[in-house]
$ cat model-v9.txt   # compact mmCIF, C-alpha atoms and all ligand atoms
# COMPACT_ATOMS: atom_id res chain seq x y z
CA MET A 130 222.74 98.79 49.97
CA ASP A 131 223.71 99.22 53.62
CA ALA A 132 227.51 98.97 53.67
CA GLN A 133 227.54 98.20 57.40
CA ASP A 134 225.26 95.17 56.88
CA LEU A 135 227.63 93.84 54.22
CA ILE A 136 230.62 94.37 56.49
CA ASP A 137 228.87 92.67 59.41
CA THR A 138 227.88 89.66 57.28
CA ALA A 139 231.39 89.32 55.84
CA LYS A 140 232.83 89.41 59.37
CA MET A 141 230.33 86.78 60.57
CA LEU A 142 231.33 84.46 57.72
CA VAL A 143 234.89 84.31 59.00
CA ALA A 144 234.28 84.59 62.77
CA ASP A 145 234.89 82.03 65.52
CA TYR A 146 237.36 79.94 63.48
CA LYS A 147 234.51 78.77 61.25
CA GLY A 148 234.62 78.34 57.50
CA LEU A 149 232.25 77.77 54.62
CA LEU A 150 230.81 74.67 53.07
CA ALA A 151 230.55 74.83 49.28
CA MET A 152 227.56 72.69 48.30
CA ASP A 153 226.86 74.57 45.09
CA GLU A 154 227.74 71.90 42.56
CA SER A 155 225.71 72.46 39.42
CA ASN A 156 223.48 69.55 38.39
CA PRO A 157 226.00 68.25 35.80
CA THR A 158 228.83 68.30 38.40
CA CYS A 159 226.69 66.74 41.13
CA ASN A 160 225.44 64.07 38.72
CA LYS A 161 229.01 63.26 37.65
CA ARG A 162 229.99 62.70 41.31
CA PHE A 163 226.87 60.58 41.90
CA ALA A 164 227.48 58.53 38.74
CA LYS A 165 230.98 57.55 39.93
CA LEU A 166 229.41 56.00 43.04
CA GLY A 167 226.37 54.47 41.35
CA ILE A 168 223.95 56.95 42.96
CA PRO A 169 220.89 57.80 40.80
CA GLN A 170 221.28 61.15 39.05
CA THR A 171 217.83 62.49 39.89
CA GLU A 172 216.47 65.65 41.44
CA GLU A 173 215.25 63.62 44.44
CA ALA A 174 218.69 62.08 45.03
CA ARG A 175 220.31 65.53 44.90
CA ARG A 176 217.66 66.84 47.32
CA ALA A 177 218.15 63.93 49.72
CA TYR A 178 221.93 64.37 49.67
CA ARG A 179 221.66 68.09 50.35
CA GLU A 180 219.19 67.37 53.18
CA LEU A 181 221.75 64.96 54.66
CA ILE A 182 224.34 67.75 54.61
CA ILE A 183 222.28 70.55 56.12
CA THR A 184 220.73 68.37 58.85
CA THR A 185 224.08 67.11 60.11
CA PRO A 186 223.86 67.62 63.89
CA GLY A 187 226.36 70.22 65.13
CA LEU A 188 227.44 71.44 61.68
CA GLY A 189 226.89 75.08 62.68
CA GLU A 190 229.62 74.79 65.31
CA TYR A 191 232.22 74.66 62.55
CA ILE A 192 230.51 76.05 59.45
CA SER A 193 229.52 79.71 59.15
CA GLY A 194 227.98 79.71 55.69
CA ALA A 195 226.76 77.29 53.03
CA ILE A 196 226.87 78.04 49.32
CA LEU A 197 223.82 76.65 47.53
CA TYR A 198 222.96 76.03 43.90
CA ASP A 199 219.85 77.44 42.21
CA GLU A 200 218.01 74.11 42.43
CA THR A 201 218.98 73.64 46.08
CA ILE A 202 217.92 77.05 47.38
CA ARG A 203 214.37 76.27 46.16
CA GLN A 204 214.19 72.82 47.79
CA GLN A 205 212.70 71.59 51.06
CA LYS A 206 213.40 68.90 53.58
CA LYS A 207 211.22 65.81 53.38
CA ASP A 208 209.04 67.28 56.14
CA GLY A 209 208.42 70.39 54.03
CA THR A 210 210.82 72.79 55.83
CA PRO A 211 212.52 75.02 53.23
CA PHE A 212 216.26 74.37 53.06
CA VAL A 213 216.98 78.06 53.67
CA GLN A 214 214.98 77.86 56.89
CA ALA A 215 216.75 74.67 58.00
CA ILE A 216 220.16 76.20 57.29
CA THR A 217 219.34 79.40 59.16
CA ASP A 218 217.97 77.37 62.11
CA ALA A 219 221.34 75.57 62.21
CA ALA A 220 223.04 78.98 62.67
CA ILE A 221 224.54 78.82 59.16
CA ILE A 222 224.30 81.74 56.73
CA PRO A 223 222.78 80.77 53.36
CA GLY A 224 224.60 81.83 50.19
CA ILE A 225 224.13 81.15 46.50
CA LYS A 226 226.31 80.47 43.46
CA VAL A 227 225.23 82.98 40.79
CA ASP A 228 227.54 82.39 37.85
CA ILE A 229 226.17 80.11 35.17
CA GLY A 230 229.40 78.33 34.40
CA ALA A 231 232.72 78.64 32.60
CA LYS A 232 232.44 78.40 28.80
CA ASP A 233 235.08 78.22 26.06
CA MET A 234 236.46 81.72 25.48
CA ALA A 235 236.31 82.98 21.90
CA GLY A 236 239.74 83.49 20.34
CA HIS A 237 241.46 81.90 23.34
CA PRO A 238 242.00 78.17 22.77
CA GLY A 239 242.16 76.18 26.02
CA GLU A 240 240.76 79.03 28.12
CA LYS A 241 237.39 79.70 29.76
CA ILE A 242 235.23 82.72 30.48
CA THR A 243 232.55 82.57 33.15
CA GLU A 244 229.08 83.70 32.11
CA GLY A 245 226.05 84.97 34.03
CA LEU A 246 226.10 88.79 34.05
CA ASP A 247 222.99 89.17 31.86
CA GLY A 248 219.96 89.56 34.10
CA LEU A 249 222.11 89.20 37.21
CA ARG A 250 220.67 92.27 38.97
CA ASP A 251 217.16 90.71 38.95
CA ARG A 252 218.45 87.26 39.95
CA LEU A 253 220.35 88.73 42.90
CA HIS A 254 217.26 90.51 44.16
CA ALA A 255 215.27 87.28 43.85
CA TYR A 256 217.92 85.31 45.77
CA ALA A 257 218.04 87.98 48.48
CA GLN A 258 214.25 87.64 48.81
CA MET A 259 214.71 83.88 49.21
CA GLY A 260 217.05 84.50 52.15
CA ALA A 261 220.55 84.42 50.63
CA ARG A 262 223.00 86.80 52.31
CA PHE A 263 226.04 86.25 50.15
CA ALA A 264 226.74 85.11 46.61
CA LYS A 265 229.61 83.40 44.84
CA TRP A 266 231.05 83.61 41.30
CA ARG A 267 233.94 81.49 40.05
CA GLY A 268 236.36 82.46 37.28
CA VAL A 269 238.66 79.70 36.01
CA LEU A 270 242.25 80.17 34.90
CA THR A 271 244.29 77.32 33.41
CA ILE A 272 248.09 77.16 33.48
CA GLY A 273 249.65 75.80 30.30
CA ALA A 274 251.94 76.76 27.41
CA GLY A 275 251.37 80.49 26.96
CA ILE A 276 248.27 80.54 29.17
CA PRO A 277 246.59 82.09 31.04
CA SER A 278 246.61 84.93 28.52
CA ARG A 279 246.20 88.55 29.52
CA GLY A 280 242.89 88.58 27.64
CA CYS A 281 241.51 85.72 29.72
CA ILE A 282 242.71 87.22 33.00
CA GLU A 283 241.25 90.62 32.19
CA ALA A 284 237.88 89.30 30.98
CA ASN A 285 237.39 87.00 33.96
CA THR A 286 238.49 89.52 36.56
CA GLN A 287 236.31 92.25 35.08
CA SER A 288 233.32 89.91 35.24
CA LEU A 289 234.16 89.11 38.86
CA ALA A 290 234.28 92.79 39.71
CA ARG A 291 231.03 93.62 37.91
CA TYR A 292 229.28 90.72 39.67
CA ALA A 293 230.70 91.85 43.02
CA ALA A 294 229.42 95.41 42.53
CA LEU A 295 225.94 94.11 41.64
CA CYS A 296 225.98 91.85 44.73
CA GLN A 297 226.75 94.73 47.05
CA GLU A 298 224.03 96.84 45.41
CA ALA A 299 221.58 94.00 46.21
CA GLY A 300 222.82 93.72 49.82
CA LEU A 301 224.67 90.43 49.26
CA VAL A 302 228.29 89.88 50.25
CA PRO A 303 230.25 88.85 47.15
CA MET A 304 232.50 85.83 47.50
CA VAL A 305 234.98 86.44 44.69
CA GLU A 306 236.50 83.19 43.43
CA PRO A 307 239.32 83.37 40.89
CA GLU A 308 240.52 79.76 40.63
CA VAL A 309 243.91 78.96 39.12
CA LEU A 310 243.51 75.24 38.43
CA MET A 311 245.97 72.71 39.81
CA ASP A 312 245.84 70.48 36.71
CA GLY A 313 249.13 70.36 34.79
CA GLU A 314 252.82 69.88 35.30
CA HIS A 315 253.69 73.48 36.20
CA THR A 316 255.89 74.24 39.21
CA LEU A 317 254.90 75.87 42.50
CA SER A 318 256.80 78.97 41.43
CA ARG A 319 254.78 79.24 38.18
CA CYS A 320 251.52 78.85 40.11
CA SER A 321 252.67 81.59 42.46
CA LYS A 322 253.46 84.01 39.61
CA VAL A 323 250.16 83.31 37.83
CA THR A 324 248.11 83.56 41.05
CA GLU A 325 249.82 86.83 41.93
CA GLU A 326 249.06 88.34 38.52
CA VAL A 327 245.46 87.16 38.68
CA LEU A 328 244.87 88.48 42.20
CA GLN A 329 246.48 91.84 41.50
CA THR A 330 244.23 92.18 38.45
CA VAL A 331 241.18 91.11 40.47
CA PHE A 332 241.80 93.85 43.03
CA ASN A 333 242.50 96.49 40.35
CA GLN A 334 239.15 95.61 38.80
CA LEU A 335 237.34 95.56 42.15
CA TYR A 336 238.73 99.03 42.84
CA THR A 337 237.69 100.27 39.39
CA GLN A 338 234.16 98.90 39.90
CA ARG A 339 233.93 100.58 43.35
CA VAL A 340 233.51 97.43 45.37
CA THR A 341 233.72 97.88 49.17
CA LEU A 342 236.58 95.58 50.11
CA GLU A 343 235.48 95.34 53.76
CA GLY A 344 232.20 93.81 52.58
CA MET A 345 233.55 90.93 50.49
CA ILE A 346 235.30 87.59 50.87
CA LEU A 347 238.06 86.29 48.58
CA LYS A 348 237.95 82.60 47.64
CA PRO A 349 241.27 81.79 45.95
CA ASN A 350 243.24 78.64 45.19
CA MET A 351 246.18 77.71 47.38
CA VAL A 352 249.53 78.12 45.62
CA LEU A 353 250.41 74.55 44.63
CA PRO A 354 252.65 72.70 42.21
CA GLY A 355 250.70 71.19 39.29
CA LEU A 356 249.21 67.76 39.97
CA THR A 357 251.69 66.08 37.63
CA CYS A 358 254.72 68.23 38.49
CA SER A 359 257.66 66.03 39.49
CA GLN A 360 258.52 68.28 42.43
CA GLN A 361 255.85 68.33 45.13
CA GLN A 362 256.71 70.73 47.98
CA SER A 363 256.10 70.15 51.68
CA VAL A 364 253.05 71.37 53.57
CA ASP A 365 255.06 74.25 55.09
CA GLU A 366 256.51 75.30 51.72
CA VAL A 367 253.01 75.41 50.22
CA ALA A 368 251.77 77.46 53.19
CA ASP A 369 254.62 79.96 52.81
CA ALA A 370 254.20 80.26 49.03
CA THR A 371 250.46 80.77 49.38
CA VAL A 372 250.45 83.40 52.10
CA ASN A 373 253.44 85.29 50.68
CA CYS A 374 251.63 85.48 47.34
CA LEU A 375 248.49 86.77 49.07
CA LEU A 376 250.47 89.33 51.08
CA ARG A 377 251.72 90.77 47.77
CA SER A 378 248.26 90.92 46.20
CA VAL A 379 245.34 91.20 48.65
CA PRO A 380 244.58 94.46 50.49
CA ALA A 381 244.36 94.25 54.27
CA ALA A 382 240.84 95.73 54.14
CA VAL A 383 239.49 92.35 52.98
CA PRO A 384 238.20 90.59 56.13
CA GLY A 385 238.67 87.01 55.05
CA ILE A 386 240.29 84.63 52.61
CA ALA A 387 238.40 81.35 52.29
CA PHE A 388 240.31 78.84 50.18
CA LEU A 389 238.80 76.42 47.69
CA SER A 390 240.24 72.91 47.87
CA GLY A 391 240.50 72.38 44.10
CA GLY A 392 240.83 68.59 44.19
CA GLN A 393 243.29 68.23 47.10
CA SER A 394 242.53 65.44 49.55
CA GLY A 395 240.69 66.47 52.69
CA GLU A 396 243.70 65.67 54.87
CA LEU A 397 246.16 67.68 52.78
CA ALA A 398 243.80 70.67 52.53
CA SER A 399 243.45 70.69 56.35
CA ALA A 400 247.20 70.29 56.90
CA ARG A 401 248.03 73.16 54.53
CA LEU A 402 245.39 75.46 56.04
CA ASN A 403 246.75 74.61 59.48
CA ALA A 404 250.33 75.43 58.47
CA MET A 405 249.26 78.83 57.15
CA ASN A 406 247.54 79.63 60.42
CA VAL A 407 250.53 78.46 62.48
CA ARG A 408 253.22 80.19 60.43
CA PHE A 409 251.41 83.49 59.78
CA LYS A 410 249.41 83.76 62.99
CA SER A 411 250.70 87.17 63.97
CA ARG A 412 251.28 88.51 60.45
CA SER A 413 248.10 87.77 58.52
CA PRO A 414 245.86 90.83 58.13
CA TRP A 415 242.91 88.63 57.11
CA ALA A 416 241.23 85.54 58.53
CA LEU A 417 242.59 82.50 56.66
CA THR A 418 239.76 80.02 56.40
CA PHE A 419 238.13 77.45 54.12
CA SER A 420 235.30 77.23 51.61
CA PHE A 421 235.77 73.62 50.54
CA ALA A 422 233.41 71.39 48.59
CA ARG A 423 235.20 68.11 47.80
CA ALA A 424 237.64 68.36 50.74
CA ILE A 425 234.68 68.38 53.13
CA GLN A 426 232.05 66.36 51.30
CA GLN A 427 233.89 63.52 49.58
CA PRO A 428 234.12 60.99 52.45
CA ALA A 429 230.47 61.60 53.36
CA LEU A 430 229.32 61.12 49.78
CA GLU A 431 231.28 57.88 49.47
CA LEU A 432 229.77 56.54 52.70
CA TRP A 433 226.22 57.59 51.85
CA GLN A 434 225.98 55.86 48.46
CA GLY A 435 222.39 57.10 48.17
CA LYS A 436 221.18 54.83 50.99
CA GLU A 437 219.12 55.98 53.98
CA ALA A 438 220.83 53.38 56.19
CA ASN A 439 224.19 55.14 55.69
CA LEU A 440 222.93 58.61 56.57
CA SER A 441 224.28 58.80 60.09
CA ALA A 442 227.76 57.50 59.17
CA ALA A 443 227.91 59.97 56.29
CA GLN A 444 226.90 62.87 58.56
CA GLN A 445 229.60 61.91 61.06
CA ALA A 446 232.20 61.90 58.28
CA LEU A 447 231.02 65.31 57.09
CA LEU A 448 231.14 66.74 60.61
CA HIS A 449 234.61 65.29 61.11
CA ARG A 450 236.03 67.09 58.04
CA ALA A 451 234.29 70.33 59.04
CA LYS A 452 235.79 70.05 62.52
CA CYS A 453 239.29 69.25 61.20
CA ASN A 454 239.22 72.46 59.19
CA TRP A 455 237.90 74.48 62.13
CA VAL A 456 240.78 73.09 64.19
CA ALA A 457 243.20 73.92 61.33
CA ARG A 458 242.06 77.53 61.49
CA ARG A 459 243.15 77.52 65.13
CA GLY A 460 246.51 76.07 64.05
CA GLU A 461 245.88 72.95 66.14
CA TYR A 462 245.24 70.31 63.45
CA LYS A 463 247.30 67.11 63.64
CA PRO A 464 247.15 64.21 61.16
CA VAL A 465 246.47 61.89 64.11
CA MET A 466 243.00 63.48 64.31
CA GLU A 467 242.13 61.57 61.17
CA GLY A 468 242.01 58.35 63.14
CA THR A 469 239.37 59.68 65.50
CA ARG A 470 235.84 60.57 64.51
CA THR A 471 234.09 63.52 66.11
C1 LIG A 501 236.44 75.10 42.76
O1 LIG A 501 235.15 74.70 43.10
C2 LIG A 501 234.57 75.31 44.24
C3 LIG A 501 235.17 74.77 45.50
O2 LIG A 501 235.06 73.36 45.48
P1 LIG A 501 236.35 72.47 45.82
O3 LIG A 501 236.70 72.80 47.26
O4 LIG A 501 235.85 71.07 45.64
O5 LIG A 501 237.42 72.86 44.87
C4 LIG A 501 233.08 75.02 44.22
O6 LIG A 501 232.37 75.95 45.00
C5 LIG A 501 232.56 75.03 42.81
O7 LIG A 501 232.53 76.33 42.34
C6 LIG A 501 231.19 74.38 42.84
O8 LIG A 501 231.31 73.06 43.24
C7 LIG A 501 230.45 74.49 41.51
O9 LIG A 501 231.12 73.85 40.51
P2 LIG A 501 230.41 73.68 39.06
O10 LIG A 501 231.54 73.21 38.20
O11 LIG A 501 229.35 72.67 39.23
O12 LIG A 501 229.87 75.00 38.65

$ encode --input "model-v9.txt" --output "structure tokens"
Amino acid sequence: MDAQDLIDTAKMLVADYKGLLAMDESNPTCNKRFAKLGIPQTEEARRAYRELIITTPGLGEYISGAILYDETIRQQKKDGTPFVQAITDAAIIPGIKVDIGAKDMAGHPGEKITEGLDGLRDRLHAYAQMGARFAKWRGVLTIGAGIPSRGCIEANTQSLARYAALCQEAGLVPMVEPEVLMDGEHTLSRCSKVTEEVLQTVFNQLYTQRVTLEGMILKPNMVLPGLTCSQQQSVDEVADATVNCLLRSVPAAVPGIAFLSGGQSGELASARLNAMNVRFKSRSPWALTFSFARAIQQPALELWQGKEANLSAAQQALLHRAKCNWVARRGEYKPVMEGTRT
């Protein structure tokens, strides 16, 4: 591993107000989203949709990196150009999701443990050979009565740290994603306490596993009230709760924090990211950026509907959401932008 290469790649992923596009839905997740819109759940449909995304003109102006799925990193455009080549030509850094999913955790009803460490060293080397320069692993924590348990937090964060160490050994920047889910009726304050405990444990584990913090990216949830909580705080209150929680938990050596959207609407995710960048402009030690899947892709997917004739409209919608988030990083996003397409 060359630590300087890792540090340089991590810095590039958060430079120039850009953010990341998560397009690493596993086949079951992608198929579920297609099924809702009546799109065929086939390998060819998934390939065509991913080609639509990566060939969106101008995407590289706003997007620094794209997270791919195992099937996707092996695919080509219709004209035979490998996706990795097309992404690189668009000035976007290719990355890969390397966990193999969150499974029920033994002895911990209602909780999940993410799997994928077995054989990971070899898989990481293979992905690096294919052109990936960073890799992502997601641990999932659910808030409920008596959960997340300490056992679940410790198991998931240790896996995250072991994966991150293996990534750096293979020359890939780890994108460490501990996601506290927004499902439930918990308050903003509960989400803040849980997120803080999870992040502090993540960084203890990363330290124990000798991960170079300058050569990684954190991909956390925003601190939000549960979806069905009766009290839903304002955009500014969410921004304050999120960044204050991060300030208590994330070392300043980490170059960037790239949020997941977690099921928020595209507009709300942009507005909240914007508020963080406005309110903490001079105080944030890290770049505050985005690594959204649904909050960037959803309008494009709905417009596309699996039809070639809708390709251009879908690409414009995708570019619009990418641009809104780039503008939000600058602290210049305004809801009125939603009425105007790029
Ligand atoms: C939380 O999910 C990640 C970010 O997506 P959102 O912005 O939509 O929340 C995302 O990268 C996720 O890890 C992938 O979509 C893969 O999910 P599955 O469930 O297919 O492994």

$ residues_around --input "model-v9.txt" --residues "Ile282 of chain A" --least-positions-apart "6" --cutoff "12 Å" --atoms "only C-alpha atoms" --output "list of chain:residue names"
A:Met234, A:His237, A:Glu240, A:Lys241, A:Ile242, A:Thr243, A:Gly268, A:Val269, A:Leu270, A:Thr271, A:Ile272, A:Ile276, A:Ser288, A:Leu289, A:Pro307, A:Glu308, A:Val309, A:Val323, A:Thr324, A:Glu325, A:Glu326, A:Val327, A:Leu328, A:Gln329, A:Thr330, A:Val331, A:Asn333, A:Gln334

$ closest_atom_pairs --input "model-v9.txt" --of "chain A" --to "ligand LIG 501 (chain A)" --cutoff "6 Å" --atoms "all atoms listed in the file" --output "Markdown table"
| residue | atom | partner | partner_atom | distance |
| --- | --- | --- | --- | --- |
| A:Ala151 | CA | A:LIG501 | O6 | 4.8 |
| A:Asp153 | CA | A:LIG501 | C6 | 4.9 |
| A:Glu154 | CA | A:LIG501 | O11 | 3.8 |
| A:Ser155 | CA | A:LIG501 | O11 | 3.7 |
| A:Thr158 | CA | A:LIG501 | O11 | 4.5 |
| A:Gly230 | CA | A:LIG501 | O12 | 5.4 |
| A:Arg267 | CA | A:LIG501 | O7 | 5.8 |
| A:Leu389 | CA | A:LIG501 | O3 | 4.2 |
| A:Ser390 | CA | A:LIG501 | O3 | 3.6 |
| A:Gly391 | CA | A:LIG501 | O5 | 3.2 |
| A:Gly392 | CA | A:LIG501 | O5 | 5.5 |
| A:Phe421 | CA | A:LIG501 | O3 | 3.5 |
| A:Ala422 | CA | A:LIG501 | O3 | 3.8 |
| A:Arg423 | CA | A:LIG501 | O4 | 3.7 |
| A:Ala424 | CA | A:LIG501 | O3 | 5.7 |

$ atom_distance --input "model-v9.txt" --atom1 "atom CA of Gln297 of chain A" --atom2 "atom CA of Ala264 of chain A"
9.6 Å

$ atom_distance --input "model-v9.txt" --atom1 "atom CA of Val305 of chain A" --atom2 "atom CA of Gln393 of chain A"
20.2 Å

$ atom_distance --input "model-v9.txt" --atom1 "atom CA of Gly280 of chain A" --atom2 "atom CA of Thr341 of chain A"
25.2 Å

$ residues_around --input "model-v9.txt" --residues "Arg408 of chain A" --least-positions-apart "3" --cutoff "10 Å" --atoms "all atoms listed in the file" --output "list in words"
Asp365, Ala368, Asp369, Val372, Asn403, Ala404, Met405, Ser411, Arg412, Ser413 and Gly460 of chain A

$ residues_around --input "model-v9.txt" --residues "Asp134 of chain A" --least-positions-apart "4" --cutoff "12 Å" --atoms "only C-alpha atoms" --output "list in words"
Met130, Thr138, Ala139, Lys140, Met141, Arg262, Phe263, Gln297, Glu298, Ala299, Gly300, Leu301, Val302, Thr341, Glu343, Gly344 and Met345 of chain A
